[in-house]
Protein chains: 2
Amino acid sequence: MKLSTKGRYGVMAMFDLALHYGQGPISLKSVAQRQGISEHYLEQLMGVLRKAGYVKSIRGAQGGYTLTRDPAQITVGEIVRIMEGPIAPVDCLLAASKNNEYCNRAQTCVTRGVWAKVRDSITAVVDSITLADLCKEDQIKE
Amino acid sequence: MKLSTKGRYGVMAMFDLALHYGQGPISLKSVAQRQGISEHYLEQLMGVLRKAGYVKSIRGAQGGYTLTRDPAQITVGEIVRIMEGPIAPVDCLLAASKNNEYCNRAQTCVTRGVWAKVRDSITAVVDSITLADLCKEDQIKE
DNA sequence: AAGAAAACCGATTGTTTTAGTCGGAATAGC
DNA sequence: GCTATTCCGACTAAAACAATCGGTTTTCTT
């Protein structure tokens, strides 16, 4: 039940961009330094976010990344799904799963119900928190 | 955010034992067949559960495993923790974590708060469901 | 007493995921 | 033209995962 660094760093980077929202492009170098992440690795992750339309990049000197939407319009859940794929503690919860024969066992499905509840409780949390919420919390802390 | 087969199979096996609670020792062979798990692999997992005191084993022919407690006294959360270790989407939530320097960053801790909420919502679910609950559900389904 | 059914144990293995690194090409500001 | 930056694809070391294998011990049944 661990989040990989993809999801974790993804949220950290997006939070960092949210903190600097409206201040022009932010370089990965600065994000990586502030958040303590390998710059090259972060590069890969930002590529994913860019292709998903969540960030915009400006190349060249003084370039960097900016959010394409207001921080209040981006939830942690969206970022996690982009970075890690659908939120599901077990594969048989995925609609596209082909192991139906397996999941049709009545007994299996009882335990499956547990994992569905777990998934729902996770999504309820991450989908209710926006980057703007995190920024607000950050201000209070300082 | 995936559960490994350890946790999944562990809950399945314990649920199977719960269904047969009070009927004497249940062989791994039968559990493995009903649940569709490799018997040898399940053996390893049951060793963990046995050492943790959750099941009792009887060796020799007609031997097998039984729960050491009533199904109503065993939660899914307990089983998951035994099989997978502490429930924590990120390592910095663990008390024994030594990367405190890392976690002391104010910004990091904002995102950390998110993962703490995720953890709490997961534990609320798994700690509230007992094996007896699953057995009850199973009866309704049939 | 023999045979079979089971738990027990430790080593090994193939695959996948993770968490990066590396080297360079393209682009844009100064 | 220099430098800062994004962009891209290949590569890799290490760990985790999900078993498998081979054998030992124990106990029930006949």
# chains A, B, ... in the order shown; residues from 1 in each chain; ligands from 1
$ interface_residues --of "chain B" --to "chain A" --cutoff "10 Å" --atoms "only C-alpha atoms" --output "JSON, numbers by chain"
{"B": [1, 2, 3, 4, 5, 7, 8, 9, 11, 12, 15, 16, 19, 34, 35, 36, 76, 80, 84, 85, 86, 87, 88, 89, 90, 91, 102, 105, 106, 107, 108, 109, 110, 111, 112, 113, 114, 115, 117, 118, 119, 120, 121, 122, 123, 124, 125, 126, 129, 131, 133, 134, 135, 136, 137, 138, 139, 141, 142]}
$ select_by_dssp --residues "chain B" --states "helix (DSSP H, G or I)" --output "MDAnalysis selection string"
chainID B and resid 5:19 28:35 39:51 71:73 76:84 91:93 100:103 106:126 131:141
$ closest_atom_pairs --of "chain D" --to "chain A" --cutoff "9 Å" --atoms "only C-alpha atoms (C1' of nucleotides)" --output "JSON lines"
{"residue": "D:DT3", "atom": "C1'", "partner": "A:Ala61", "partner_atom": "CA", "distance": 7.3}
{"residue": "D:DA4", "atom": "C1'", "partner": "A:Ala61", "partner_atom": "CA", "distance": 4.1}
{"residue": "D:DT5", "atom": "C1'", "partner": "A:Gly60", "partner_atom": "CA", "distance": 4.5}
{"residue": "D:DT6", "atom": "C1'", "partner": "A:Arg59", "partner_atom": "CA", "distance": 4.8}
{"residue": "D:DC7", "atom": "C1'", "partner": "A:Gly47", "partner_atom": "CA", "distance": 8.4}
$ interface_residues --of "chain C" --to "chain B" --cutoff "6 Å" --atoms "only C-alpha atoms (C1' of nucleotides)" --output "JSON, numbers by chain"
{"C": [5, 6, 7]}
$ atom_distance --atom1 "CA of Thr68 in chain B" --atom2 "CA of Tyr54 in chain B"
5.6 Å
$ residues_around --residues "DA11 in chain C" --least-positions-apart "2" --cutoff "12 Å" --atoms "only C-alpha atoms (C1' of nucleotides)" --output "MDAnalysis selection string"
(chainID C and resid 9 13) or (chainID D and resid 20:23)
$ atom_distance --atom1 "CA of Ala72 in chain A" --atom2 "CA of Ala132 in chain A"
4.6 Å
$ atom_distance --atom1 "CA of Lys51 in chain B" --atom2 "CA of Ile79 in chain B"
12.5 Å
$ residues_around --residues "Arg69 in chain B" --least-positions-apart "5" --cutoff "10 Å" --atoms "only C-alpha atoms (C1' of nucleotides)" --output "list in words"
Ala18, Tyr21, Gly53, Tyr54, Val55, Lys56 and Ile74 of chain B
$ residues_around --residues "Leu45 in chain A" --least-positions-apart "2" --cutoff "10 Å" --atoms "only C-alpha atoms (C1' of nucleotides)" --output "JSON, numbers by chain"
{"A": [5, 6, 7, 9, 10, 13, 39, 40, 41, 42, 43, 47, 48, 49, 50, 82, 83]}
$ select_by_dssp --residues "range 24-84 of chain B" --states "strand (DSSP E)" --output "PDB file with N, CA, C and O atoms, in the first residue's frame"
ATOM      1  N   VAL B  55      -2.962 -17.939  13.715  1.00  0.00           N
ATOM      2  CA  VAL B  55      -3.476 -19.272  13.394  1.00  0.00           C
ATOM      3  C   VAL B  55      -2.652 -20.310  14.163  1.00  0.00           C
ATOM      4  O   VAL B  55      -1.523 -20.054  14.569  1.00  0.00           O
ATOM      5  N   LYS B  56      -3.269 -21.452  14.346  1.00  0.00           N
ATOM      6  CA  LYS B  56      -2.613 -22.573  15.018  1.00  0.00           C
ATOM      7  C   LYS B  56      -2.531 -23.679  13.987  1.00  0.00           C
ATOM      8  O   LYS B  56      -3.449 -23.852  13.181  1.00  0.00           O
ATOM      9  N   SER B  57      -1.420 -24.417  13.985  1.00  0.00           N
ATOM     10  CA  SER B  57      -1.302 -25.480  12.991  1.00  0.00           C
ATOM     11  C   SER B  57      -1.270 -26.840  13.668  1.00  0.00           C
ATOM     12  O   SER B  57      -0.772 -26.984  14.784  1.00  0.00           O
ATOM     13  N   ILE B  58      -1.813 -27.823  13.002  1.00  0.00           N
ATOM     14  CA  ILE B  58      -1.728 -29.202  13.458  1.00  0.00           C
ATOM     15  C   ILE B  58      -1.040 -30.000  12.349  1.00  0.00           C
ATOM     16  O   ILE B  58      -1.514 -30.000  11.206  1.00  0.00           O
ATOM     17  N   GLY B  64      -3.788 -29.388   9.639  1.00  0.00           N
ATOM     18  CA  GLY B  64      -4.177 -28.169   8.944  1.00  0.00           C
ATOM     19  C   GLY B  64      -4.094 -26.968   9.867  1.00  0.00           C
ATOM     20  O   GLY B  64      -3.339 -26.977  10.838  1.00  0.00           O
ATOM     21  N   TYR B  65      -4.861 -25.945   9.546  1.00  0.00           N
ATOM     22  CA  TYR B  65      -4.813 -24.708  10.313  1.00  0.00           C
ATOM     23  C   TYR B  65      -6.177 -24.347  10.885  1.00  0.00           C
ATOM     24  O   TYR B  65      -7.210 -24.657  10.274  1.00  0.00           O
ATOM     25  N   THR B  66      -6.132 -23.697  12.031  1.00  0.00           N
ATOM     26  CA  THR B  66      -7.361 -23.106  12.567  1.00  0.00           C
ATOM     27  C   THR B  66      -7.040 -21.714  13.092  1.00  0.00           C
ATOM     28  O   THR B  66      -5.893 -21.416  13.440  1.00  0.00           O
ATOM     29  N   LEU B  67      -8.059 -20.879  13.152  1.00  0.00           N
ATOM     30  CA  LEU B  67      -7.882 -19.557  13.750  1.00  0.00           C
ATOM     31  C   LEU B  67      -7.694 -19.729  15.249  1.00  0.00           C
ATOM     32  O   LEU B  67      -8.258 -20.638  15.856  1.00  0.00           O
TER      33      LEU B  67
END
